[in-house]
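A.B. asks: Okay, so here is model.cif, and as you'll see once you scroll down, it has mmCIF, C-alpha atoms.
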```cif
data_final
#
loop_
_atom_site.label_atom_id
_atom_site.label_comp_id
_atom_site.auth_asym_id
_atom_site.auth_seq_id
_atom_site.Cartn_x
_atom_site.Cartn_y
_atom_site.Cartn_z
CA MET A 1 -5.67 8.99 45.52
CA THR A 2 -3.78 8.04 42.35
CA PRO A 3 -6.06 6.07 39.97
CA ASP A 4 -4.97 2.71 38.58
CA THR A 5 -4.50 3.41 34.86
CA THR A 6 -1.84 0.74 34.26
CA THR A 7 -3.86 -1.10 31.57
CA TYR A 8 -4.09 2.02 29.43
CA MET A 9 -0.38 2.67 29.78
CA ILE A 10 0.50 -0.91 28.77
CA ALA A 11 -1.91 -0.72 25.82
CA GLY A 12 -0.36 2.61 24.79
CA PHE A 13 3.21 1.32 24.77
CA ILE A 14 2.23 -1.93 23.01
CA ILE A 15 0.61 0.11 20.23
CA ILE A 16 3.61 2.46 19.99
CA PHE A 17 6.17 -0.33 19.70
CA LEU A 18 4.01 -2.47 17.38
CA CYS A 19 3.55 0.53 15.10
CA ILE A 20 7.27 1.33 15.01
CA VAL A 21 8.31 -2.30 14.46
CA GLY A 22 5.51 -2.77 11.93
CA TYR A 23 6.60 0.23 9.88
CA ALA A 24 10.26 -0.86 9.99
CA ALA A 25 9.19 -4.35 8.84
CA SER A 26 7.14 -2.85 6.01
CA LEU A 27 10.20 -0.90 4.81
CA ILE A 28 12.34 -4.07 4.86
CA PHE A 29 9.64 -6.10 3.12
CA ARG A 30 9.09 -3.50 0.40
CA LYS A 31 12.82 -3.19 -0.22
CA LYS A 32 13.19 -6.95 -0.56
CA ASN A 33 10.27 -7.01 -2.93
CA ILE A 34 11.80 -4.35 -5.18
CA SER A 35 15.21 -6.05 -5.07
CA LYS A 36 13.53 -9.25 -6.25
CA LYS A 37 11.88 -7.36 -9.10
CA ILE A 38 15.23 -5.86 -10.08
CA ILE A 39 16.88 -9.29 -10.17
CA ASN A 40 14.03 -10.63 -12.32
CA LEU A 41 14.34 -7.66 -14.63
CA GLU A 42 18.11 -8.15 -14.99
CA ASP A 43 17.60 -11.87 -15.61
CA ASN A 44 15.06 -11.17 -18.33
CA ASP A 45 17.39 -8.58 -19.82
CA ASN A 46 20.34 -11.01 -19.93
CA PRO A 47 18.81 -14.50 -20.32
CA GLN A 48 22.15 -16.12 -21.30
CA THR A 49 23.91 -15.20 -18.00
CA MET B 1 21.56 2.77 -14.45
CA LYS B 2 22.57 -0.69 -13.19
CA GLN B 3 25.17 0.86 -10.89
CA GLU B 4 22.58 3.27 -9.53
CA LEU B 5 20.19 0.41 -8.80
CA GLN B 6 22.93 -1.49 -6.99
CA LYS B 7 23.78 1.65 -5.00
CA TYR B 8 20.28 1.80 -3.54
CA GLN B 9 20.11 -1.94 -2.91
CA LYS B 10 23.07 -1.87 -0.53
CA THR B 11 22.54 -0.14 2.86
CA PRO B 12 25.28 2.46 3.59
CA PRO B 13 27.24 1.97 6.87
CA LEU B 14 26.16 5.40 8.15
CA LEU B 15 22.52 4.37 7.85
CA ILE B 16 23.20 1.16 9.78
CA ILE B 17 24.83 3.27 12.52
CA LEU B 18 21.78 5.55 12.51
CA ASP B 19 19.49 2.52 12.84
CA VAL B 20 21.41 1.26 15.86
CA LEU B 21 21.45 4.75 17.37
CA ALA B 22 17.69 5.08 16.86
CA ALA B 23 17.01 1.72 18.53
CA LEU B 24 19.32 2.50 21.46
CA SER B 25 17.94 6.00 22.01
CA LEU B 26 14.39 4.67 21.89
CA ILE B 27 15.21 2.04 24.54
CA ALA B 28 16.98 4.68 26.65
CA ALA B 29 14.00 7.06 26.38
CA PHE B 30 11.62 4.23 27.31
CA CYS B 31 13.72 3.40 30.39
CA LEU B 32 13.77 7.08 31.42
CA VAL B 33 10.00 7.31 31.01
CA MET B 34 9.35 4.13 32.99
CA PHE B 35 11.99 4.26 35.72
CA TYR B 36 13.26 7.84 36.00
CA ALA B 37 10.22 10.08 35.46
CA PRO B 38 7.89 10.12 38.48
CA VAL B 39 4.31 8.87 38.36
CA GLU B 40 1.87 11.76 38.03
CA VAL B 41 -0.39 11.71 41.08
CA GLU B 42 -3.76 12.62 39.53
CA MET B 43 -3.57 10.51 36.37
CA GLY B 44 -1.44 7.57 37.42
CA LEU B 45 0.67 5.49 35.03
CA VAL B 46 -1.24 6.38 31.85
CA GLN B 47 0.42 9.81 31.96
CA LYS B 48 3.66 8.07 30.89
CA VAL B 49 2.14 7.65 27.42
CA PHE B 50 2.32 11.46 27.16
CA TYR B 51 6.11 11.41 26.51
CA PHE B 52 5.82 9.26 23.38
CA HIS B 53 2.46 10.77 22.41
CA VAL B 54 3.96 14.26 22.07
CA ALA B 55 7.14 12.88 20.47
CA ALA B 56 5.03 11.05 17.87
CA GLY B 57 3.09 14.25 17.13
CA TRP B 58 6.31 16.23 16.76
CA THR B 59 7.82 13.59 14.44
CA GLY B 60 4.67 13.48 12.34
CA MET B 61 4.65 17.23 11.87
CA LEU B 62 8.37 17.16 11.10
CA GLY B 63 7.61 14.62 8.36
CA PHE B 64 5.00 16.94 6.84
CA LEU B 65 7.39 19.90 7.03
CA VAL B 66 10.13 17.95 5.25
CA ALA B 67 7.56 16.82 2.66
CA THR B 68 6.60 20.46 2.01
CA ILE B 69 10.21 21.59 1.63
CA ALA B 70 10.84 18.71 -0.79
CA ALA B 71 7.62 19.59 -2.66
CA VAL B 72 8.85 23.17 -3.17
CA ALA B 73 12.19 21.82 -4.43
CA CYS B 74 10.31 19.42 -6.73
CA LEU B 75 8.30 22.23 -8.30
CA LYS B 76 11.42 24.37 -8.66
CA THR B 77 13.72 21.75 -10.18
CA GLY B 78 11.28 19.21 -11.62
CA GLU B 79 13.57 16.41 -10.43
CA ALA B 80 11.96 13.08 -9.58
CA ARG B 81 14.10 12.57 -6.47
CA TRP B 82 12.38 15.49 -4.75
CA ASP B 83 9.04 13.85 -5.39
CA ALA B 84 10.37 10.70 -3.66
CA ALA B 85 11.63 12.89 -0.80
CA SER B 86 8.21 14.51 -0.41
CA LEU B 87 6.38 11.19 -0.48
CA ALA B 88 8.74 9.77 2.17
CA GLY B 89 7.98 12.72 4.48
CA VAL B 90 4.22 12.35 4.04
CA GLU B 91 4.23 8.60 4.62
CA ILE B 92 6.28 8.79 7.82
CA GLY B 93 4.31 11.84 8.96
CA MET B 94 1.07 9.90 8.58
CA VAL B 95 2.40 6.93 10.55
CA PHE B 96 3.46 9.10 13.48
CA VAL B 97 0.45 11.41 13.51
CA GLY B 98 -1.76 8.30 13.43
CA LEU B 99 0.20 6.97 16.39
CA CYS B 100 -0.23 10.30 18.17
CA ILE B 101 -4.01 10.22 17.65
CA VAL B 102 -4.35 6.62 18.88
CA THR B 103 -2.17 7.12 21.97
CA GLY B 104 -4.00 10.36 22.70
CA SER B 105 -7.28 8.46 22.63
CA LEU B 106 -5.86 5.88 25.05
CA TRP B 107 -4.73 8.65 27.36
CA ALA B 108 -8.09 10.44 27.11
CA ARG B 109 -10.22 7.41 28.05
CA PRO B 110 -9.35 7.32 31.79
CA ILE B 111 -8.78 11.10 32.10
CA TRP B 112 -11.66 12.60 30.08
CA ASN B 113 -13.82 9.48 30.38
CA THR B 114 -14.14 9.24 26.60
CA TRP B 115 -12.11 7.77 23.73
CA TRP B 116 -12.82 10.73 21.48
CA THR B 117 -14.26 14.22 21.66
CA TRP B 118 -14.58 16.84 18.90
CA ASP B 119 -12.17 19.17 20.64
CA PRO B 120 -10.31 21.65 18.35
CA ARG B 121 -6.95 19.86 18.79
CA LEU B 122 -8.31 16.37 18.18
CA THR B 123 -10.41 17.55 15.24
CA THR B 124 -7.59 19.48 13.55
CA ALA B 125 -5.20 16.54 14.06
CA LEU B 126 -7.71 14.19 12.42
CA ILE B 127 -8.25 16.65 9.55
CA MET B 128 -4.47 16.89 9.08
CA GLU B 129 -4.22 13.08 8.87
CA LEU B 130 -7.10 12.95 6.37
CA VAL B 131 -5.57 15.75 4.28
CA TYR B 132 -2.41 13.68 3.85
CA ALA B 133 -4.40 10.47 3.28
CA ALA B 134 -5.97 12.34 0.35
CA TYR B 135 -2.42 13.12 -0.86
CA LEU B 136 -1.77 9.39 -1.19
CA LEU B 137 -5.10 8.92 -2.95
CA LEU B 138 -4.23 11.71 -5.37
CA ARG B 139 -0.93 10.01 -6.18
CA SER B 140 -2.60 6.71 -6.89
CA GLY B 141 -5.03 8.45 -9.24
CA VAL B 142 -2.40 9.90 -11.60
CA ASP B 143 -0.37 7.57 -13.85
CA GLU B 144 2.08 9.81 -15.66
CA SER B 145 5.03 10.34 -13.28
CA SER B 146 5.89 13.99 -14.02
CA ARG B 147 2.23 15.04 -13.66
CA LYS B 148 1.94 12.97 -10.51
CA ALA B 149 5.00 14.71 -9.05
CA LYS B 150 3.70 18.16 -9.97
CA PHE B 151 0.16 17.65 -8.62
CA SER B 152 1.46 15.96 -5.47
CA ALA B 153 3.90 18.77 -4.81
CA ILE B 154 1.20 21.44 -5.14
CA TYR B 155 -1.10 19.42 -2.90
CA ALA B 156 1.64 18.87 -0.29
CA ILE B 157 2.32 22.62 -0.12
CA VAL B 158 -1.36 23.53 0.21
CA GLY B 159 -2.00 20.66 2.64
CA PHE B 160 0.71 21.93 4.96
CA ILE B 161 -1.71 24.65 6.12
CA SER B 162 -3.26 21.94 8.33
CA VAL B 163 0.00 21.51 10.27
CA PRO B 164 0.37 24.97 11.91
CA LEU B 165 -3.40 24.99 12.37
CA THR B 166 -3.16 21.76 14.39
CA PHE B 167 -0.14 22.98 16.33
CA LEU B 168 -1.75 26.31 17.23
CA SER B 169 -5.28 24.98 17.82
CA ILE B 170 -4.73 24.47 21.55
CA ARG B 171 -3.26 27.95 21.83
CA ILE B 172 -5.90 29.90 19.90
CA PHE B 173 -9.15 28.00 20.56
CA ARG B 174 -10.95 27.10 23.77
CA THR B 175 -10.00 23.49 24.33
CA ILE B 176 -9.83 20.78 26.98
CA HIS B 177 -6.56 19.49 25.52
CA PRO B 178 -3.66 20.35 27.86
CA VAL B 179 -0.89 22.72 26.75
CA ILE B 180 2.07 21.28 28.61
CA VAL B 181 4.86 23.32 27.06
CA GLY B 182 4.30 27.04 27.49
CA GLY B 183 0.69 26.70 28.60
CA SER B 184 -1.40 26.80 31.75
CA THR B 185 -2.27 23.79 33.91
CA ALA B 186 -5.97 24.64 33.93
CA ALA B 187 -7.09 22.13 31.26
CA SER B 188 -8.30 18.65 32.23
CA GLY B 189 -5.38 16.21 32.11
CA SER B 190 -2.84 19.01 32.37
CA PHE B 191 0.09 18.95 34.76
CA ALA B 192 3.28 20.86 35.57
CA MET B 193 6.42 19.02 34.49
CA THR B 194 9.06 18.37 37.11
CA GLY B 195 12.79 18.30 36.30
CA ARG B 196 12.80 14.51 35.92
CA MET B 197 9.73 14.64 33.69
CA GLU B 198 11.50 17.20 31.48
CA VAL B 199 14.51 14.89 31.10
CA ALA B 200 12.23 12.02 30.00
CA PHE B 201 10.26 14.37 27.74
CA PHE B 202 13.23 15.82 25.86
CA SER B 203 14.90 12.39 25.64
CA SER B 204 11.75 11.04 24.00
CA LEU B 205 11.69 13.96 21.56
CA ALA B 206 15.36 13.32 20.68
CA ALA B 207 14.83 9.56 20.32
CA PHE B 208 11.85 10.02 18.00
CA THR B 209 13.75 12.60 15.95
CA ILE B 210 16.63 10.13 15.43
CA LEU B 211 14.08 7.44 14.60
CA PHE B 212 12.51 9.80 12.08
CA ALA B 213 15.91 10.42 10.44
CA ALA B 214 16.53 6.66 10.13
CA PHE B 215 13.04 5.92 8.79
CA TYR B 216 13.19 8.85 6.42
CA TRP B 217 16.53 7.78 4.95
CA HIS B 218 15.26 4.23 4.43
CA ARG B 219 11.98 5.41 2.89
CA LEU B 220 13.77 7.86 0.62
CA ARG B 221 16.11 5.13 -0.62
CA LEU B 222 13.11 2.90 -1.22
CA GLY B 223 11.40 5.65 -3.20
CA LEU B 224 14.50 6.26 -5.31
CA LEU B 225 14.85 2.52 -5.90
CA GLU B 226 11.21 2.38 -7.07
CA LYS B 227 11.79 5.31 -9.42
CA ASN B 228 14.95 3.72 -10.84
CA LEU B 229 13.18 0.42 -11.34
CA GLU B 230 10.39 2.23 -13.15
CA GLU B 231 12.91 4.01 -15.40
CA ARG B 232 14.78 0.76 -16.07
CA ARG B 233 11.52 -0.91 -17.08
CA MET B 234 10.68 1.94 -19.44
CA GLU B 235 14.21 1.77 -20.87
CA LEU B 236 13.84 -1.94 -21.56
CA ASN B 237 10.39 -1.49 -23.09
CA THR B 238 11.70 1.28 -25.37
CA GLY B 239 14.62 -0.94 -26.36
CA GLU B 240 12.29 -3.83 -27.24
CA GLU B 241 9.98 -1.60 -29.27
CA SER B 242 12.82 -0.07 -31.31
#
```
Show me, as structure tokens, the structure contained in the file I just sent.

C.D. replies:
Amino acid sequence: MTPDTTTYMIAGFIIIFLCIVGYAASLIFRKKNISKKIINLEDNDNPQT
Amino acid sequence: MKQELQKYQKTPPLLIILDVLAALSLIAAFCLVMFYAPVEVEMGLVQKVFYFHVAAGWTGMLGFLVATIAAVACLKTGEARWDAASLAGVEIGMVFVGLCIVTGSLWARPIWNTWWTWDPRLTTALIMELVYAAYLLLRSGVDESSRKAKFSAIYAIVGFISVPLTFLSIRIFRTIHPVIVGGSTAASGSFAMTGRMEVAFFSSLAAFTILFAAFYWHRLRLGLLEKNLEERRMELNTGEES
């Protein structure tokens, strides 16, 4: 008889997709953060503009 | 310098296409796994995790391989961009190998009746992950960028020994971990793949490889942006001092 292992499968796929989405979000967040730093740096470099 | 910074801030159209392709192929692979591949009789639905579990392991090892190649190039040329390329490979490799370990544990619980066992494959995979975690620690411990790049590159090359060791562990040691591709079906949790299972399996491998390419490109750009920002800061500081 085939055992009922549905819960483990659902947990597995939730973890997989959360991990992928989480990593993609971390890349976006880090890029935005650096872009902000660059803008600040440029502003400090050219305070009159 | 400003132009270079702007170049990395804007996402190239080819990368956007790759992102879309990665998302679509991942959805397609998931649909094949869920609706096309048959349910394995002895393990039930948890066996479907296998397709993404192996794909994650493959992608992780690919990340470490790319990191090693970039590390060799870094040592040879001394260029900072190769250091960023190596770091990107390690980071993505760690994410996917971590995912492989966690999904493997979830698969093992109903099949082996345990979350974890010190089997050669599981142990070598954990060691591999820890070896690369130490790589990140090493990087955070060195301030001067050229020394950091050099030490990291040497470490990445030496650390790569853990990758073939992990890959071959199920083929050279006595283990309960199944060898699905090119192995016997004697191990606990092993099974023979049917034609439909093979389609889902290779689609998952392809989807994760495309996902790796997209992630890697993004992470590399991020690394180069960080390096440029660092250089720009140093440039400004030097300008202020003089």

A.B. asks: So how far away is atom CA of B:Ile111 from atom CA of B:Val46, in Å?

C.D. replies: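 Atom-to-atom, atom CA of B:Val46 to atom CA of B:Ile111, that is 8.9 Å.
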
A.B. asks: Might you pull out every residue within 10 Å of B:Trp58, with all atoms listed in the file counted and same-chain residues fewer than 6 positions away left off, and present them as a list of chain:residue names?

C.D. replies: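 Returned residues: B:Phe52, B:Gly93, B:Phe96, B:Val97, B:Cys100, B:Phe167, B:Leu205, B:Phe208, B:Thr209.
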
A.B. asks: So which residues get picked by the PyMOL selection byres ((chain A and resi 2) around 7) here, written as a VMD selection string?

C.D. replies: (chain A and resid 1 3 to 4) or (chain B and resid 41 to 44)

A.B. asks: Just the selected residues (C-alpha atoms), exported as a PDB file, in the coordinates of the input, please.

C.D. replies:
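Here's the written file part09.pdb:
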```pdb
ATOM      1  CA  MET A   1      -5.670   8.990  45.520  1.00  0.00           C
ATOM      2  CA  PRO A   3      -6.060   6.070  39.970  1.00  0.00           C
ATOM      3  CA  ASP A   4      -4.970   2.710  38.580  1.00  0.00           C
TER       4      ASP A   4
ATOM      5  CA  VAL B  41      -0.390  11.710  41.080  1.00  0.00           C
ATOM      6  CA  GLU B  42      -3.760  12.620  39.530  1.00  0.00           C
ATOM      7  CA  MET B  43      -3.570  10.510  36.370  1.00  0.00           C
ATOM      8  CA  GLY B  44      -1.440   7.570  37.420  1.00  0.00           C
TER       9      GLY B  44
END
```

A.B. asks: Could you give me, as a Markdown table, every chain A residue with an atom at most 10 Å from chain B, plus its closest atom pair and distance in Å to one decimal, counting all atoms listed in the file, rows ordered by chain then number?

C.D. replies:
```
| residue | atom | partner | partner_atom | distance |
| --- | --- | --- | --- | --- |
| A:Met1 | CA | B:Glu42 | CA | 7.3 |
| A:Thr2 | CA | B:Val41 | CA | 5.2 |
| A:Pro3 | CA | B:Gly44 | CA | 5.5 |
| A:Asp4 | CA | B:Gly44 | CA | 6.1 |
| A:Thr5 | CA | B:Val46 | CA | 5.3 |
| A:Thr6 | CA | B:Leu45 | CA | 5.4 |
| A:Thr7 | CA | B:Val46 | CA | 7.9 |
| A:Tyr8 | CA | B:Val46 | CA | 5.7 |
| A:Met9 | CA | B:Val46 | CA | 4.3 |
| A:Ile10 | CA | B:Val46 | CA | 8.1 |
| A:Ala11 | CA | B:Leu106 | CA | 7.7 |
| A:Gly12 | CA | B:Thr103 | CA | 5.6 |
| A:Phe13 | CA | B:Val49 | CA | 6.9 |
| A:Ile15 | CA | B:Thr103 | CA | 7.7 |
| A:Ile16 | CA | B:Leu99 | CA | 6.7 |
| A:Phe17 | CA | B:Leu26 | CA | 9.9 |
| A:Cys19 | CA | B:Leu99 | CA | 7.4 |
| A:Ile20 | CA | B:Val95 | CA | 8.7 |
| A:Tyr23 | CA | B:Val95 | CA | 7.9 |
| A:Ala24 | CA | B:Phe215 | CA | 7.4 |
| A:Leu27 | CA | B:Arg219 | CA | 6.8 |
| A:Ile28 | CA | B:His218 | CA | 8.8 |
| A:Arg30 | CA | B:Leu222 | CA | 7.7 |
| A:Lys31 | CA | B:Leu222 | CA | 6.2 |
| A:Lys32 | CA | B:Gln9 | CA | 8.9 |
| A:Ile34 | CA | B:Glu226 | CA | 7.0 |
| A:Ser35 | CA | B:Gln9 | CA | 6.8 |
| A:Lys37 | CA | B:Leu229 | CA | 8.2 |
| A:Ile38 | CA | B:Leu229 | CA | 6.7 |
| A:Leu41 | CA | B:Arg233 | CA | 7.7 |
| A:Glu42 | CA | B:Lys2 | CA | 8.9 |
| A:Asn44 | CA | B:Leu236 | CA | 9.9 |
| A:Asp45 | CA | B:Leu236 | CA | 7.7 |
```

A.B. asks: Output the residue selection produced by the PyMOL selection byres ((chain B and resi 72-85) around 7) on the file above, formatted as an MDAnalysis selection string.

C.D. replies: chainID B and resid 67:71 86:89 149:150 153 220 223:224

A.B. asks: Which centre and edge lengths in Å to one decimal define the box along x, y and z that fits every listed atom of stretch 19-25 of chain A plus 3 Å per side, as AutoDock Vina command-line options?

C.D. replies:
```
--center_x 6.9 --center_y -1.5 --center_z 12.0 --size_x 12.7 --size_y 11.7 --size_z 12.3
```

A.B. asks: Please, what distance in Å, to one decimal, runs between atom CA of B:Ala206 and atom CA of B:Ala156?

C.D. replies: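 Taking atom CA of B:Ala206 as the start and atom CA of B:Ala156 as the end point, the length is 25.7 Å.
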
A.B. asks: Where atoms are missing, can you supply N, CA and C atoms for stretch 7-39 of chain A and output the lot as a PDB file, in the frame of the given file?

C.D. replies:
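As written to disk, selection-v4.pdb reads:
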```pdb
ATOM      1  N   THR A   7      -3.436  -0.405  32.811  1.00  0.00           N
ATOM      2  CA  THR A   7      -3.860  -1.100  31.570  1.00  0.00           C
ATOM      3  C   THR A   7      -3.735  -0.176  30.365  1.00  0.00           C
ATOM      4  N   TYR A   8      -4.156   1.061  30.543  1.00  0.00           N
ATOM      5  CA  TYR A   8      -4.090   2.020  29.430  1.00  0.00           C
ATOM      6  C   TYR A   8      -2.649   2.315  29.049  1.00  0.00           C
ATOM      7  N   MET A   9      -1.792   2.402  30.067  1.00  0.00           N
ATOM      8  CA  MET A   9      -0.380   2.670  29.780  1.00  0.00           C
ATOM      9  C   MET A   9       0.235   1.501  28.996  1.00  0.00           C
ATOM     10  N   ILE A  10      -0.044   0.277  29.460  1.00  0.00           N
ATOM     11  CA  ILE A  10       0.500  -0.910  28.770  1.00  0.00           C
ATOM     12  C   ILE A  10      -0.011  -0.954  27.328  1.00  0.00           C
ATOM     13  N   ALA A  11      -1.319  -0.713  27.167  1.00  0.00           N
ATOM     14  CA  ALA A  11      -1.910  -0.720  25.820  1.00  0.00           C
ATOM     15  C   ALA A  11      -1.234   0.344  24.947  1.00  0.00           C
ATOM     16  N   GLY A  12      -0.995   1.517  25.515  1.00  0.00           N
ATOM     17  CA  GLY A  12      -0.360   2.610  24.790  1.00  0.00           C
ATOM     18  C   GLY A  12       1.027   2.229  24.284  1.00  0.00           C
ATOM     19  N   PHE A  13       1.837   1.673  25.171  1.00  0.00           N
ATOM     20  CA  PHE A  13       3.210   1.320  24.770  1.00  0.00           C
ATOM     21  C   PHE A  13       3.241   0.142  23.805  1.00  0.00           C
ATOM     22  N   ILE A  14       2.297  -0.799  23.966  1.00  0.00           N
ATOM     23  CA  ILE A  14       2.230  -1.930  23.010  1.00  0.00           C
ATOM     24  C   ILE A  14       1.933  -1.382  21.610  1.00  0.00           C
ATOM     25  N   ILE A  15       0.968  -0.472  21.535  1.00  0.00           N
ATOM     26  CA  ILE A  15       0.610   0.110  20.230  1.00  0.00           C
ATOM     27  C   ILE A  15       1.799   0.880  19.638  1.00  0.00           C
ATOM     28  N   ILE A  16       2.465   1.662  20.481  1.00  0.00           N
ATOM     29  CA  ILE A  16       3.610   2.460  19.990  1.00  0.00           C
ATOM     30  C   ILE A  16       4.691   1.544  19.413  1.00  0.00           C
ATOM     31  N   PHE A  17       5.074   0.517  20.172  1.00  0.00           N
ATOM     32  CA  PHE A  17       6.170  -0.330  19.700  1.00  0.00           C
ATOM     33  C   PHE A  17       5.742  -1.207  18.517  1.00  0.00           C
ATOM     34  N   LEU A  18       4.489  -1.671  18.522  1.00  0.00           N
ATOM     35  CA  LEU A  18       4.010  -2.470  17.380  1.00  0.00           C
ATOM     36  C   LEU A  18       4.012  -1.624  16.111  1.00  0.00           C
ATOM     37  N   CYS A  19       3.617  -0.367  16.255  1.00  0.00           N
ATOM     38  CA  CYS A  19       3.550   0.530  15.100  1.00  0.00           C
ATOM     39  C   CYS A  19       4.961   0.792  14.542  1.00  0.00           C
ATOM     40  N   ILE A  20       5.899   1.046  15.443  1.00  0.00           N
ATOM     41  CA  ILE A  20       7.270   1.330  15.010  1.00  0.00           C
ATOM     42  C   ILE A  20       7.892   0.094  14.337  1.00  0.00           C
ATOM     43  N   VAL A  21       7.752  -1.055  15.007  1.00  0.00           N
ATOM     44  CA  VAL A  21       8.310  -2.300  14.460  1.00  0.00           C
ATOM     45  C   VAL A  21       7.597  -2.657  13.147  1.00  0.00           C
ATOM     46  N   GLY A  22       6.290  -2.468  13.129  1.00  0.00           N
ATOM     47  CA  GLY A  22       5.510  -2.770  11.930  1.00  0.00           C
ATOM     48  C   GLY A  22       5.951  -1.932  10.737  1.00  0.00           C
ATOM     49  N   TYR A  23       6.186  -0.642  10.982  1.00  0.00           N
ATOM     50  CA  TYR A  23       6.600   0.230   9.880  1.00  0.00           C
ATOM     51  C   TYR A  23       8.004  -0.144   9.394  1.00  0.00           C
ATOM     52  N   ALA A  24       8.895  -0.443  10.353  1.00  0.00           N
ATOM     53  CA  ALA A  24      10.260  -0.860   9.990  1.00  0.00           C
ATOM     54  C   ALA A  24      10.195  -2.148   9.155  1.00  0.00           C
ATOM     55  N   ALA A  25       9.344  -3.080   9.569  1.00  0.00           N
ATOM     56  CA  ALA A  25       9.190  -4.350   8.840  1.00  0.00           C
ATOM     57  C   ALA A  25       8.645  -4.097   7.436  1.00  0.00           C
ATOM     58  N   SER A  26       7.709  -3.143   7.332  1.00  0.00           N
ATOM     59  CA  SER A  26       7.140  -2.850   6.010  1.00  0.00           C
ATOM     60  C   SER A  26       8.208  -2.275   5.074  1.00  0.00           C
ATOM     61  N   LEU A  27       9.112  -1.465   5.631  1.00  0.00           N
ATOM     62  CA  LEU A  27      10.200  -0.900   4.810  1.00  0.00           C
ATOM     63  C   LEU A  27      11.121  -2.021   4.313  1.00  0.00           C
ATOM     64  N   ILE A  28      11.456  -2.949   5.221  1.00  0.00           N
ATOM     65  CA  ILE A  28      12.340  -4.070   4.860  1.00  0.00           C
ATOM     66  C   ILE A  28      11.654  -4.945   3.796  1.00  0.00           C
ATOM     67  N   PHE A  29      10.385  -5.245   4.031  1.00  0.00           N
ATOM     68  CA  PHE A  29       9.640  -6.100   3.120  1.00  0.00           C
ATOM     69  C   PHE A  29       9.545  -5.476   1.723  1.00  0.00           C
ATOM     70  N   ARG A  30       9.229  -4.179   1.689  1.00  0.00           N
ATOM     71  CA  ARG A  30       9.090  -3.500   0.400  1.00  0.00           C
ATOM     72  C   ARG A  30      10.417  -3.437  -0.349  1.00  0.00           C
ATOM     73  N   LYS A  31      11.504  -3.251   0.417  1.00  0.00           N
ATOM     74  CA  LYS A  31      12.820  -3.190  -0.220  1.00  0.00           C
ATOM     75  C   LYS A  31      13.186  -4.545  -0.826  1.00  0.00           C
ATOM     76  N   LYS A  32      12.910  -5.598  -0.056  1.00  0.00           N
ATOM     77  CA  LYS A  32      13.190  -6.950  -0.560  1.00  0.00           C
ATOM     78  C   LYS A  32      12.391  -7.233  -1.816  1.00  0.00           C
ATOM     79  N   ASN A  33      11.167  -6.806  -1.799  1.00  0.00           N
ATOM     80  CA  ASN A  33      10.270  -7.010  -2.930  1.00  0.00           C
ATOM     81  C   ASN A  33      10.809  -6.321  -4.188  1.00  0.00           C
ATOM     82  N   ILE A  34      11.266  -5.099  -4.034  1.00  0.00           N
ATOM     83  CA  ILE A  34      11.800  -4.350  -5.180  1.00  0.00           C
ATOM     84  C   ILE A  34      13.102  -4.987  -5.658  1.00  0.00           C
ATOM     85  N   SER A  35      13.947  -5.405  -4.699  1.00  0.00           N
ATOM     86  CA  SER A  35      15.210  -6.050  -5.070  1.00  0.00           C
ATOM     87  C   SER A  35      14.938  -7.300  -5.906  1.00  0.00           C
ATOM     88  N   LYS A  36      13.910  -8.047  -5.506  1.00  0.00           N
ATOM     89  CA  LYS A  36      13.530  -9.250  -6.250  1.00  0.00           C
ATOM     90  C   LYS A  36      13.124  -8.888  -7.677  1.00  0.00           C
ATOM     91  N   LYS A  37      12.345  -7.815  -7.781  1.00  0.00           N
ATOM     92  CA  LYS A  37      11.880  -7.360  -9.100  1.00  0.00           C
ATOM     93  C   LYS A  37      13.061  -6.942  -9.969  1.00  0.00           C
ATOM     94  N   ILE A  38      14.042  -6.296  -9.334  1.00  0.00           N
ATOM     95  CA  ILE A  38      15.230  -5.860 -10.080  1.00  0.00           C
ATOM     96  C   ILE A  38      15.995  -7.058 -10.613  1.00  0.00           C
ATOM     97  N   ILE A  39      16.166  -8.070  -9.753  1.00  0.00           N
ATOM     98  CA  ILE A  39      16.880  -9.290 -10.170  1.00  0.00           C
ATOM     99  C   ILE A  39      16.154  -9.954 -11.338  1.00  0.00           C
TER     100      ILE A  39
END
```
